[in-house]
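Coordinates from input24.csv are shown below (CSV, C-alpha atoms).
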chain,number,residue,atom,x,y,z
A,1,MET,CA,0.0,0.0,0.0
A,2,SER,CA,1.2,3.5,-0.7
A,3,VAL,CA,-0.2,7.1,-0.6
A,4,THR,CA,0.6,9.8,-3.1
A,5,VAL,CA,0.0,13.5,-2.3
A,6,ARG,CA,0.3,16.4,-4.8
A,7,VAL,CA,1.5,19.7,-3.5
A,8,PRO,CA,1.7,23.1,-5.3
A,9,ALA,CA,4.5,25.7,-5.6
A,10,LYS,CA,3.8,29.2,-4.4
A,11,VAL,CA,4.5,32.8,-5.5
A,12,ASN,CA,4.6,35.7,-3.1
A,13,VAL,CA,2.6,38.6,-4.5
A,14,GLN,CA,3.6,40.6,-1.5
A,15,LEU,CA,6.5,39.9,0.8
A,16,ALA,CA,6.9,42.7,3.4
A,17,VAL,CA,9.8,42.1,5.7
A,18,GLY,CA,10.4,43.6,9.1
A,19,ALA,CA,13.7,44.1,10.9
A,20,ALA,CA,15.5,41.1,12.3
A,21,ARG,CA,14.1,39.9,15.6
A,22,PRO,CA,16.2,38.8,18.6
A,23,ASP,CA,15.7,35.1,17.5
A,24,GLY,CA,17.1,35.9,14.1
A,25,PHE,CA,13.8,35.6,12.3
A,26,HIS,CA,11.9,38.5,10.7
A,27,ASP,CA,8.3,39.4,11.0
A,28,LEU,CA,6.6,39.2,7.7
A,29,ALA,CA,3.4,40.1,5.9
A,30,ASN,CA,3.5,37.4,3.2
A,31,VAL,CA,0.7,37.1,0.6
A,32,PHE,CA,0.9,33.7,-0.9
A,33,LEU,CA,-0.7,32.3,-4.1
A,34,ALA,CA,-0.5,28.6,-4.8
A,35,VAL,CA,0.4,28.0,-8.4
A,36,GLY,CA,-0.1,25.0,-10.7
A,37,LEU,CA,3.5,23.6,-10.6
A,38,TYR,CA,3.5,20.5,-8.4
A,39,ASP,CA,5.7,18.0,-6.6
A,40,GLU,CA,4.3,14.5,-5.8
A,41,ILE,CA,5.3,12.7,-2.6
A,42,THR,CA,4.6,9.0,-2.4
A,43,VAL,CA,4.9,7.2,0.9
A,44,THR,CA,5.3,3.4,1.2
A,45,PRO,CA,5.9,1.2,4.2
A,46,ALA,CA,9.6,0.2,4.5
A,47,ASP,CA,12.1,-1.3,7.0
A,48,ALA,CA,13.6,2.1,7.7
A,49,LEU,CA,13.2,5.8,6.8
A,50,ARG,CA,14.5,6.3,3.2
A,51,VAL,CA,14.2,9.3,0.8
A,52,THR,CA,14.5,9.2,-3.0
A,53,CYS,CA,13.9,11.9,-5.5
A,54,GLU,CA,13.5,12.2,-9.3
A,55,GLY,CA,12.9,15.2,-11.6
A,56,PRO,CA,14.7,18.4,-12.7
A,57,ASP,CA,17.7,19.1,-10.4
A,58,ALA,CA,16.9,16.1,-8.2
A,59,HIS,CA,20.6,15.8,-7.5
A,60,GLN,CA,20.4,19.0,-5.4
A,61,VAL,CA,17.8,17.6,-3.1
A,62,PRO,CA,19.2,16.2,0.2
A,63,LEU,CA,18.2,12.6,0.8
A,64,ASP,CA,19.0,12.5,4.5
A,65,GLU,CA,17.0,13.5,7.6
A,66,SER,CA,17.6,17.2,6.8
A,67,ASN,CA,15.0,16.8,4.0
A,68,LEU,CA,11.8,18.4,5.0
A,69,ALA,CA,9.8,15.4,3.9
A,70,ALA,CA,11.9,13.2,6.2
A,71,ARG,CA,11.5,15.7,9.0
A,72,ALA,CA,7.8,15.7,8.6
A,73,ALA,CA,7.6,11.9,8.8
A,74,LEU,CA,9.7,11.9,11.9
A,75,ALA,CA,7.7,14.7,13.5
A,76,LEU,CA,4.4,12.9,13.0
A,77,ALA,CA,5.8,9.5,14.0
A,78,GLY,CA,7.2,11.1,17.2
A,79,ARG,CA,3.8,12.6,18.2
A,80,TYR,CA,2.1,9.2,17.8
A,81,GLY,CA,4.8,7.0,19.4
A,82,ARG,CA,5.7,5.1,16.3
A,83,ARG,CA,8.7,4.6,14.0
A,84,ALA,CA,8.9,6.5,10.8
A,85,ASP,CA,9.7,3.4,8.7
A,86,VAL,CA,8.6,4.6,5.3
A,87,HIS,CA,10.1,5.2,1.9
A,88,LEU,CA,9.4,8.8,0.8
A,89,HIS,CA,9.7,9.3,-3.0
A,90,ILE,CA,9.6,12.8,-4.3
A,91,ALA,CA,8.8,13.4,-7.9
A,92,LYS,CA,9.9,17.0,-8.3
A,93,ASP,CA,8.5,19.6,-10.7
A,94,ILE,CA,8.8,22.7,-8.5
A,95,PRO,CA,12.2,24.4,-9.0
A,96,VAL,CA,14.9,23.5,-6.5
A,97,ALA,CA,16.2,26.4,-4.4
A,98,GLY,CA,14.1,28.7,-6.5
A,99,GLY,CA,12.1,30.7,-4.0
A,100,MET,CA,8.9,28.7,-4.8
A,101,ALA,CA,8.7,26.6,-1.6
A,102,GLY,CA,9.5,23.3,-3.2
A,103,GLY,CA,11.1,21.9,0.0
A,104,SER,CA,8.2,23.2,2.1
A,105,ALA,CA,5.8,21.6,-0.3
A,106,ASP,CA,7.6,18.3,0.1
A,107,GLY,CA,7.3,18.6,3.9
A,108,ALA,CA,3.6,19.3,3.8
A,109,GLY,CA,3.0,16.5,1.3
A,110,ALA,CA,4.9,13.9,3.3
A,111,LEU,CA,3.0,14.9,6.5
A,112,LEU,CA,-0.4,14.5,4.8
A,113,ALA,CA,0.7,11.2,3.1
A,114,CYS,CA,2.1,9.7,6.4
A,115,ASP,CA,-1.1,10.7,8.3
A,116,ALA,CA,-3.2,8.9,5.7
A,117,LEU,CA,-0.9,5.8,5.5
A,118,TRP,CA,-0.6,5.4,9.2
A,119,GLY,CA,-4.2,6.3,10.0
A,120,THR,CA,-3.1,8.7,12.7
A,121,GLY,CA,-6.2,10.8,12.3
A,122,ALA,CA,-4.4,14.1,13.1
A,123,SER,CA,-6.7,17.1,13.1
A,124,ARG,CA,-6.1,19.9,10.5
A,125,GLU,CA,-5.0,22.1,13.4
A,126,GLU,CA,-2.4,19.6,14.5
A,127,LEU,CA,-1.1,19.1,11.0
A,128,LEU,CA,-0.7,22.9,10.7
A,129,GLU,CA,1.0,23.0,14.1
A,130,ILE,CA,3.6,20.5,12.9
A,131,CYS,CA,3.9,22.4,9.6
A,132,ALA,CA,4.8,25.6,11.5
A,133,GLU,CA,7.4,23.7,13.5
A,134,LEU,CA,9.0,22.4,10.2
A,135,GLY,CA,9.3,25.8,8.5
A,136,SER,CA,7.7,29.2,7.8
A,137,ASP,CA,6.3,28.3,4.3
A,138,VAL,CA,5.2,24.7,5.1
A,139,PRO,CA,1.7,25.6,6.5
A,140,PHE,CA,0.7,27.4,3.3
A,141,SER,CA,1.8,24.4,1.2
A,142,LEU,CA,-0.8,22.4,3.1
A,143,VAL,CA,-3.5,25.0,2.8
A,144,GLY,CA,-3.0,26.3,-0.7
A,145,GLY,CA,-5.3,28.8,-2.5
A,146,ALA,CA,-4.4,32.3,-1.3
A,147,ALA,CA,-3.5,33.4,2.2
A,148,LEU,CA,-1.8,36.1,4.2
A,149,GLY,CA,1.0,34.8,6.4
A,150,VAL,CA,2.2,36.8,9.4
A,151,GLY,CA,4.7,36.2,12.2
A,152,ARG,CA,7.4,34.2,10.3
A,153,GLY,CA,4.8,33.7,7.7
A,154,GLU,CA,3.4,30.6,9.4
A,155,ARG,CA,0.2,32.1,10.9
A,156,LEU,CA,-2.3,32.1,8.0
A,157,THR,CA,-5.5,33.9,7.1
A,158,VAL,CA,-7.2,32.5,4.0
A,159,LEU,CA,-7.9,35.2,1.4
A,160,GLU,CA,-10.7,35.6,-1.2
A,161,VAL,CA,-9.6,35.4,-4.8
A,162,GLY,CA,-12.1,36.5,-7.5
A,163,GLY,CA,-10.6,35.0,-10.6
A,164,THR,CA,-7.6,33.1,-12.1
A,165,PHE,CA,-4.2,34.8,-12.5
A,166,HIS,CA,-1.8,33.8,-15.3
A,167,TRP,CA,1.9,33.5,-14.5
A,168,VAL,CA,5.2,32.9,-16.2
A,169,PHE,CA,8.2,31.7,-14.2
A,170,ALA,CA,11.8,31.9,-15.3
A,171,MET,CA,14.2,29.6,-13.6
A,172,ALA,CA,17.8,30.8,-13.2
A,173,GLY,CA,21.0,28.9,-13.8
A,174,ARG,CA,21.8,28.5,-10.2
A,175,GLY,CA,20.1,28.7,-6.8
A,176,LEU,CA,20.0,31.2,-4.0
A,177,SER,CA,20.1,30.4,-0.3
A,178,THR,CA,17.1,31.9,1.6
A,179,PRO,CA,19.2,32.5,4.7
A,180,ALA,CA,21.9,34.3,2.6
A,181,VAL,CA,19.2,36.5,1.1
A,182,PHE,CA,17.9,37.5,4.5
A,183,ARG,CA,21.4,38.2,5.7
A,184,GLU,CA,21.9,40.5,2.7
A,185,PHE,CA,18.5,42.2,3.5
A,186,ASP,CA,19.9,42.8,7.0
A,187,ARG,CA,23.1,44.2,5.6
A,188,LEU,CA,21.3,46.5,3.1
A,189,THR,CA,18.9,47.8,5.7
A,190,GLU,CA,21.4,48.2,8.6
A,191,GLY,CA,20.9,51.5,10.3
A,192,LEU,CA,17.7,52.2,8.4
A,193,ASP,CA,14.2,52.4,10.0
A,194,VAL,CA,12.6,49.2,8.7
A,195,PRO,CA,8.8,49.6,9.0
A,196,GLU,CA,6.5,47.0,10.5
A,197,PRO,CA,5.3,44.7,7.7
A,198,VAL,CA,1.6,45.0,6.8
A,199,ALA,CA,-0.5,43.6,4.0
A,200,SER,CA,-1.4,46.1,1.2
A,201,PRO,CA,-5.1,46.8,1.2
A,202,GLU,CA,-4.9,47.6,-2.6
A,203,LEU,CA,-3.3,44.2,-3.2
A,204,LEU,CA,-6.0,42.3,-1.2
A,205,ARG,CA,-8.7,44.2,-3.1
A,206,ALA,CA,-7.1,43.3,-6.4
A,207,LEU,CA,-7.0,39.6,-5.4
A,208,ALA,CA,-10.6,39.7,-4.3
A,209,LYS,CA,-11.7,41.2,-7.6
A,210,GLY,CA,-9.5,39.0,-9.7
A,211,ASP,CA,-8.1,42.1,-11.4
A,212,PRO,CA,-4.7,41.5,-13.0
A,213,ASP,CA,-4.0,45.2,-13.7
A,214,ALA,CA,-4.7,46.2,-10.1
A,215,LEU,CA,-2.7,43.2,-8.8
A,216,ALA,CA,0.2,44.2,-11.0
A,217,ALA,CA,0.2,47.7,-9.6
A,218,ALA,CA,0.3,46.4,-6.0
A,219,VAL,CA,2.8,43.5,-6.0
A,220,SER,CA,6.0,43.9,-4.0
A,221,ASN,CA,8.9,42.0,-2.6
A,222,ASP,CA,11.1,43.5,0.1
A,223,LEU,CA,13.7,40.8,-0.5
A,224,GLN,CA,14.1,41.6,-4.2
A,225,PRO,CA,17.0,44.2,-3.7
A,226,ALA,CA,18.9,41.6,-1.6
A,227,ALA,CA,18.3,38.9,-4.2
A,228,LEU,CA,19.5,41.2,-7.0
A,229,SER,CA,22.5,42.2,-5.0
A,230,LEU,CA,23.6,38.6,-4.7
A,231,PHE,CA,22.5,37.6,-8.2
A,232,PRO,CA,22.7,40.8,-10.4
A,233,GLU,CA,21.9,38.9,-13.6
A,234,LEU,CA,18.3,38.6,-12.5
A,235,ALA,CA,17.8,42.2,-13.5
A,236,GLY,CA,18.2,41.1,-17.2
A,237,THR,CA,15.6,38.4,-16.8
A,238,LEU,CA,13.1,40.9,-15.2
A,239,ALA,CA,13.7,43.4,-18.0
A,240,ALA,CA,13.2,40.8,-20.7
A,241,GLY,CA,9.8,39.8,-19.2
A,242,ARG,CA,8.7,43.4,-18.9
A,243,ASP,CA,9.7,44.1,-22.5
A,244,ALA,CA,7.6,41.1,-23.6
A,245,GLY,CA,4.5,42.7,-22.1
A,246,ALA,CA,4.4,41.3,-18.5
A,247,LEU,CA,2.0,43.4,-16.3
A,248,ALA,CA,4.4,42.9,-13.4
A,249,ALA,CA,7.8,41.3,-13.0
A,250,LEU,CA,9.3,40.4,-9.6
A,251,VAL,CA,11.7,38.0,-7.9
A,252,SER,CA,9.7,35.1,-6.4
A,253,GLY,CA,10.3,35.0,-2.6
A,254,SER,CA,14.0,34.9,-1.9
A,255,GLY,CA,14.7,34.0,-5.5
A,256,PRO,CA,16.2,33.3,-7.9
A,257,THR,CA,13.1,32.3,-9.8
A,258,THR,CA,11.5,35.4,-11.4
A,259,ALA,CA,7.7,35.7,-11.8
A,260,PHE,CA,5.8,37.5,-14.5
A,261,LEU,CA,2.1,38.3,-14.3
A,262,ALA,CA,0.3,38.1,-17.6
A,263,ARG,CA,-3.1,39.4,-18.7
A,264,ASP,CA,-4.3,36.1,-20.2
A,265,PRO,CA,-3.0,32.6,-21.3
A,266,GLY,CA,-2.0,34.0,-24.8
A,267,SER,CA,0.0,36.8,-23.2
A,268,ALA,CA,1.6,34.3,-20.9
A,269,GLU,CA,2.8,32.2,-23.8
A,270,LYS,CA,4.2,35.3,-25.6
A,271,ILE,CA,6.1,36.3,-22.5
A,272,ALA,CA,7.4,32.7,-22.0
A,273,ASP,CA,8.6,32.5,-25.6
A,274,ALA,CA,10.4,35.9,-25.3
A,275,LEU,CA,12.1,34.8,-22.1
A,276,ARG,CA,13.2,31.5,-23.7
A,277,ALA,CA,14.7,33.5,-26.6
A,278,SER,CA,16.4,36.1,-24.3
A,279,GLY,CA,19.1,33.9,-23.1
A,280,THR,CA,18.7,35.3,-19.6
A,281,CYS,CA,17.3,32.2,-17.9
A,282,ARG,CA,17.6,28.4,-17.9
A,283,THR,CA,14.0,27.2,-18.3
A,284,VAL,CA,10.5,28.9,-18.4
A,285,ARG,CA,7.2,27.6,-17.2
A,286,THR,CA,3.6,28.9,-17.3
A,287,ALA,CA,1.1,28.3,-14.6
A,288,GLN,CA,-2.2,29.5,-13.2
A,289,ALA,CA,-3.1,30.6,-9.7
A,290,PRO,CA,-4.6,30.0,-7.3
A,291,THR,CA,-4.8,26.2,-6.9
A,292,GLU,CA,-5.6,23.8,-4.1
A,293,GLY,CA,-3.0,22.9,-1.4
A,294,ALA,CA,-1.7,19.4,-0.5
A,295,THR,CA,-4.1,16.8,-1.9
A,296,ILE,CA,-4.2,13.0,-1.8
A,297,VAL,CA,-4.3,11.9,-5.4
A,298,ARG,CA,-4.0,8.1,-5.0
As a first step, turn the structure in this file into structure tokens.
Amino acid sequence: MSVTVRVPAKVNVQLAVGAARPDGFHDLANVFLAVGLYDEITVTPADALRVTCEGPDAHQVPLDESNLAARAALALAGRYGRRADVHLHIAKDIPVAGGMAGGSADGAGALLACDALWGTGASREELLEICAELGSDVPFSLVGGAALGVGRGERLTVLEVGGTFHWVFAMAGRGLSTPAVFREFDRLTEGLDVPEPVASPELLRALAKGDPDALAAAVSNDLQPAALSLFPELAGTLAAGRDAGALAALVSGSGPTTAFLARDPGSAEKIADALRASGTCRTVRTAQAPTEGATIVR
């Protein structure tokens, strides 16, 4: 017997970042959209905990207990007094180290799959509590749709979305470390008055209306200057997407994936073709948002 869970990537349409806290984290106002790029996590009984991975850049994914999927299995097993003797197989389609929460998706997927396989019957609240212990983006990977995350991003409020948004994602030739981007944010803002992060009312209204022009005018990412400082070539990718007609262009989360909002599916394909021809990125994908969170598919 095995259980397979499908989990989406995310794009941050707003990422407001506060000053570093004493614990080293930052308060955030993080508006997430789940987008239709997915990892699938299959959990099968085994003699011991084992992780395997296939798909683009699978060689970059750790296969030991530092993997968020393994940590999720261990956390759930620990709560229920059992051994995490499972084979976790990750079929990756979310970019690795791309700022789209691929690792977090794998953690949420493994948690839901192990809960189903073991019949632990954990409540939604308990699963979200474990997700928050695993990482700031993991709860949203479980929930999906659209949500505002505050605190470290783990405390979620589900948001209304009035339509479908069309996105193009350009994957860079190398990854960016999220901790390194936050350290660069701290360096760039040292001595400055960093405001408390709050969600943009204009952006929330744009989501509720399903209005791509209004959303384009309101998207923001406080980590973008830090990502560009560490990876200056991303500026060329952003410019290529804007030149091709993107309504908005921004670094996704901590990067280095760049995200482009399109008016409709045809515009998305035009932007994608232009980005592929630009030579400024490695691969390009189109996807719609929002989509559902972690879901058992078989």
ask   = Skipping near chain neighbours, those fewer than 4 positions away, what residues fall within 6 Å of stretch 71-75 of chain A using all atoms listed in the file, listed as an MDAnalysis selection string?
value = chainID A and resid 84 107 111
Could the residues in this selection be written to a file with C-alpha atoms, as an mmCIF file, keeping the file's coordinate frame?
data_model
loop_
_atom_site.group_PDB
_atom_site.id
_atom_site.type_symbol
_atom_site.label_atom_id
_atom_site.label_comp_id
_atom_site.auth_asym_id
_atom_site.auth_seq_id
_atom_site.Cartn_x
_atom_site.Cartn_y
_atom_site.Cartn_z
ATOM 1 C CA ALA A 84 8.900 6.500 10.800
ATOM 2 C CA GLY A 107 7.300 18.600 3.900
ATOM 3 C CA LEU A 111 3.000 14.900 6.500
#
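Among A:Glu154, A:Ile130, A:Ala113, A:Gly36, the residue with the shortest atom-to-atom distance to A:Leu76, counting only C-alpha atoms, is A:Ile130.
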key: Neighbour list for stretch 174-191 of chain A as a VMD selection string, cut-off 7 Å, only C-alpha atoms, skip fewer than 3 positions in-chain   = chain A and resid 97 to 98 223 226 to 227 254 to 256
task = Calculate how many Å separate atom CA of A:Pro225 from atom CA of A:Val251, rounding to one decimal.
result =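 Answer for the atom CA of A:Pro225 to atom CA of A:Val251 separation: 9.2 Å.
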request  = Please indicate the distance in Å from atom CA of A:Ala218 to atom CA of A:Arg276, rounded to one decimal place.
outcome  =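 About the pair atom CA of A:Ala218 and atom CA of A:Arg276: they are 26.5 Å apart.
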query = atom CA of A:Ile271 and atom CA of A:Gly173 are how many Å apart?
reply =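 Distance between the two atoms: 18.8 Å.
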ask   = Within 10 Å of A:Lys270, counting all atoms listed in the file, which residues qualify if same-chain residues fewer than 5 places away don't, as a VMD selection string?
value = chain A and resid 168 241 244 to 246 262 265 275 to 276
Could you check which residues have any atom within 7 Å of (3.1, 24.9, 4.6), counting all atoms listed in the file with coordinates taken straight from the file, and then list them as a PDB file with C-alpha atoms, keeping the file's coordinate frame?
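New file result04.pdb:
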ATOM      1  CA  SER A 104       8.200  23.200   2.100  1.00  0.00           C
ATOM      2  CA  ALA A 105       5.800  21.600  -0.300  1.00  0.00           C
ATOM      3  CA  ALA A 108       3.600  19.300   3.800  1.00  0.00           C
ATOM      4  CA  CYS A 131       3.900  22.400   9.600  1.00  0.00           C
ATOM      5  CA  ASP A 137       6.300  28.300   4.300  1.00  0.00           C
ATOM      6  CA  VAL A 138       5.200  24.700   5.100  1.00  0.00           C
ATOM      7  CA  PRO A 139       1.700  25.600   6.500  1.00  0.00           C
ATOM      8  CA  PHE A 140       0.700  27.400   3.300  1.00  0.00           C
ATOM      9  CA  SER A 141       1.800  24.400   1.200  1.00  0.00           C
ATOM     10  CA  LEU A 142      -0.800  22.400   3.100  1.00  0.00           C
ATOM     11  CA  VAL A 143      -3.500  25.000   2.800  1.00  0.00           C
TER      12      VAL A 143
END
task = Tell me which protein, DNA and RNA residues are within 10 Å of A:Glu233, counting all atoms listed in the file, leaving out same-chain ones fewer than 6 positions away, and put them as a list in words.
result = Ala172, Pro256, Thr280 and Cys281 of chain A
List as JSON lines every residue of stretch 50-152 of chain A that is in contact with stretch 12-34 of chain A, defined as an atom at most 6 Å from one of its atoms (using only C-alpha atoms), together with the nearest atom pair and the distance in Å rounded to one decimal, sorted by chain and then rising number.
{"residue": "A:Gly144", "atom": "CA", "partner": "A:Ala34", "partner_atom": "CA", "distance": 5.3}
{"residue": "A:Gly145", "atom": "CA", "partner": "A:Ala34", "partner_atom": "CA", "distance": 5.3}
{"residue": "A:Ala146", "atom": "CA", "partner": "A:Leu33", "partner_atom": "CA", "distance": 4.6}
{"residue": "A:Ala147", "atom": "CA", "partner": "A:Phe32", "partner_atom": "CA", "distance": 5.4}
{"residue": "A:Leu148", "atom": "CA", "partner": "A:Val31", "partner_atom": "CA", "distance": 4.5}
{"residue": "A:Gly149", "atom": "CA", "partner": "A:Asn30", "partner_atom": "CA", "distance": 4.8}
{"residue": "A:Val150", "atom": "CA", "partner": "A:Ala29", "partner_atom": "CA", "distance": 5.0}
{"residue": "A:Gly151", "atom": "CA", "partner": "A:Asp27", "partner_atom": "CA", "distance": 5.0}
{"residue": "A:Arg152", "atom": "CA", "partner": "A:Asp27", "partner_atom": "CA", "distance": 5.3}
Within 9 Å of (7.7, 7.4, -0.1), in the coordinates the file gives, what residues turn up when you count all atoms listed in the file, written out as a PDB file with C-alpha atoms, in the coordinates of the input?
ATOM      1  CA  SER A   2       1.200   3.500  -0.700  1.00  0.00           C
ATOM      2  CA  VAL A   3      -0.200   7.100  -0.600  1.00  0.00           C
ATOM      3  CA  THR A   4       0.600   9.800  -3.100  1.00  0.00           C
ATOM      4  CA  ILE A  41       5.300  12.700  -2.600  1.00  0.00           C
ATOM      5  CA  THR A  42       4.600   9.000  -2.400  1.00  0.00           C
ATOM      6  CA  VAL A  43       4.900   7.200   0.900  1.00  0.00           C
ATOM      7  CA  THR A  44       5.300   3.400   1.200  1.00  0.00           C
ATOM      8  CA  PRO A  45       5.900   1.200   4.200  1.00  0.00           C
ATOM      9  CA  ALA A  46       9.600   0.200   4.500  1.00  0.00           C
ATOM     10  CA  LEU A  49      13.200   5.800   6.800  1.00  0.00           C
ATOM     11  CA  ARG A  50      14.500   6.300   3.200  1.00  0.00           C
ATOM     12  CA  VAL A  51      14.200   9.300   0.800  1.00  0.00           C
ATOM     13  CA  THR A  52      14.500   9.200  -3.000  1.00  0.00           C
ATOM     14  CA  VAL A  86       8.600   4.600   5.300  1.00  0.00           C
ATOM     15  CA  HIS A  87      10.100   5.200   1.900  1.00  0.00           C
ATOM     16  CA  LEU A  88       9.400   8.800   0.800  1.00  0.00           C
ATOM     17  CA  HIS A  89       9.700   9.300  -3.000  1.00  0.00           C
ATOM     18  CA  ILE A  90       9.600  12.800  -4.300  1.00  0.00           C
ATOM     19  CA  ALA A 110       4.900  13.900   3.300  1.00  0.00           C
ATOM     20  CA  ALA A 113       0.700  11.200   3.100  1.00  0.00           C
ATOM     21  CA  CYS A 114       2.100   9.700   6.400  1.00  0.00           C
TER      22      CYS A 114
END
query = Leaving out A:Leu207 and any residue of its chain fewer than 3 positions from it, which residues lie within 8 Å of it when counting only C-alpha atoms, given as an NGL selection string?
reply = :A and (160-163 or 203-204 or 210-211 or 215)
query = Restricting the calculation to only C-alpha atoms, which member of A:Glu292, A:Arg83, A:Thr283, A:Ala216 is positioned closest to A:Phe165?
reply =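 Answer, going by the shortest atom-to-atom distance: A:Ala216.
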inquiry  = Given all atoms listed in the file as the basis, pick out the residue of A:Asp57, A:Glu269, A:Glu40, A:Asp264 nearest to A:Arg282.
reply    = A:Asp57
request  = Using all atoms listed in the file, pick whichever of A:Leu250, A:His166, A:Leu192, A:Val158 has the shortest atom-to-atom distance to A:Ala287.
outcome  =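 Ranked by minimum distance to A:Ala287, first place goes to A:His166.
Of the residues listed (A:Ala58, A:Met1, A:Val7, A:Leu234), A:Met1 shows the shortest atom-to-atom separation from A:Trp118; distances use all atoms listed in the file.
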Just need stretch 75-90 of chain A in a file, please: N, CA and C atoms, as a CSV table (one decimal), in the first residue's frame.
chain,number,residue,atom,x,y,z
A,75,ALA,N,8.5,13.9,12.6
A,75,ALA,CA,7.7,14.7,13.5
A,75,ALA,C,6.3,14.0,13.8
A,76,LEU,N,5.7,13.6,12.8
A,76,LEU,CA,4.4,12.9,13.0
A,76,LEU,C,4.5,11.6,13.7
A,77,ALA,N,5.5,10.8,13.3
A,77,ALA,CA,5.8,9.5,14.0
A,77,ALA,C,6.1,9.8,15.5
A,78,GLY,N,6.9,10.8,15.8
A,78,GLY,CA,7.2,11.1,17.2
A,78,GLY,C,6.0,11.5,18.0
A,79,ARG,N,5.0,12.2,17.4
A,79,ARG,CA,3.8,12.6,18.2
A,79,ARG,C,3.0,11.4,18.5
A,80,TYR,N,3.0,10.4,17.6
A,80,TYR,CA,2.1,9.2,17.8
A,80,TYR,C,2.8,7.9,18.3
A,81,GLY,N,4.1,8.1,18.7
A,81,GLY,CA,4.8,7.0,19.4
A,81,GLY,C,5.1,5.8,18.5
A,82,ARG,N,5.4,6.1,17.2
A,82,ARG,CA,5.7,5.1,16.3
A,82,ARG,C,7.0,5.4,15.5
A,83,ARG,N,7.5,4.4,14.8
A,83,ARG,CA,8.7,4.6,14.0
A,83,ARG,C,8.3,5.1,12.6
A,84,ALA,N,9.2,6.0,12.1
A,84,ALA,CA,8.9,6.5,10.8
A,84,ALA,C,9.6,5.6,9.7
A,85,ASP,N,9.1,4.4,9.7
A,85,ASP,CA,9.7,3.4,8.7
A,85,ASP,C,8.9,3.5,7.4
A,86,VAL,N,9.3,4.4,6.6
A,86,VAL,CA,8.6,4.6,5.3
A,86,VAL,C,9.7,5.0,4.3
A,87,HIS,N,9.3,4.7,3.0
A,87,HIS,CA,10.1,5.2,1.9
A,87,HIS,C,9.3,6.4,1.3
A,88,LEU,N,10.0,7.5,1.3
A,88,LEU,CA,9.4,8.8,0.8
A,88,LEU,C,10.0,9.0,-0.6
A,89,HIS,N,9.2,9.0,-1.6
A,89,HIS,CA,9.7,9.3,-3.0
A,89,HIS,C,9.1,10.6,-3.4
A,90,ILE,N,10.0,11.5,-3.8
A,90,ILE,CA,9.6,12.8,-4.3
A,90,ILE,C,9.8,12.9,-5.8
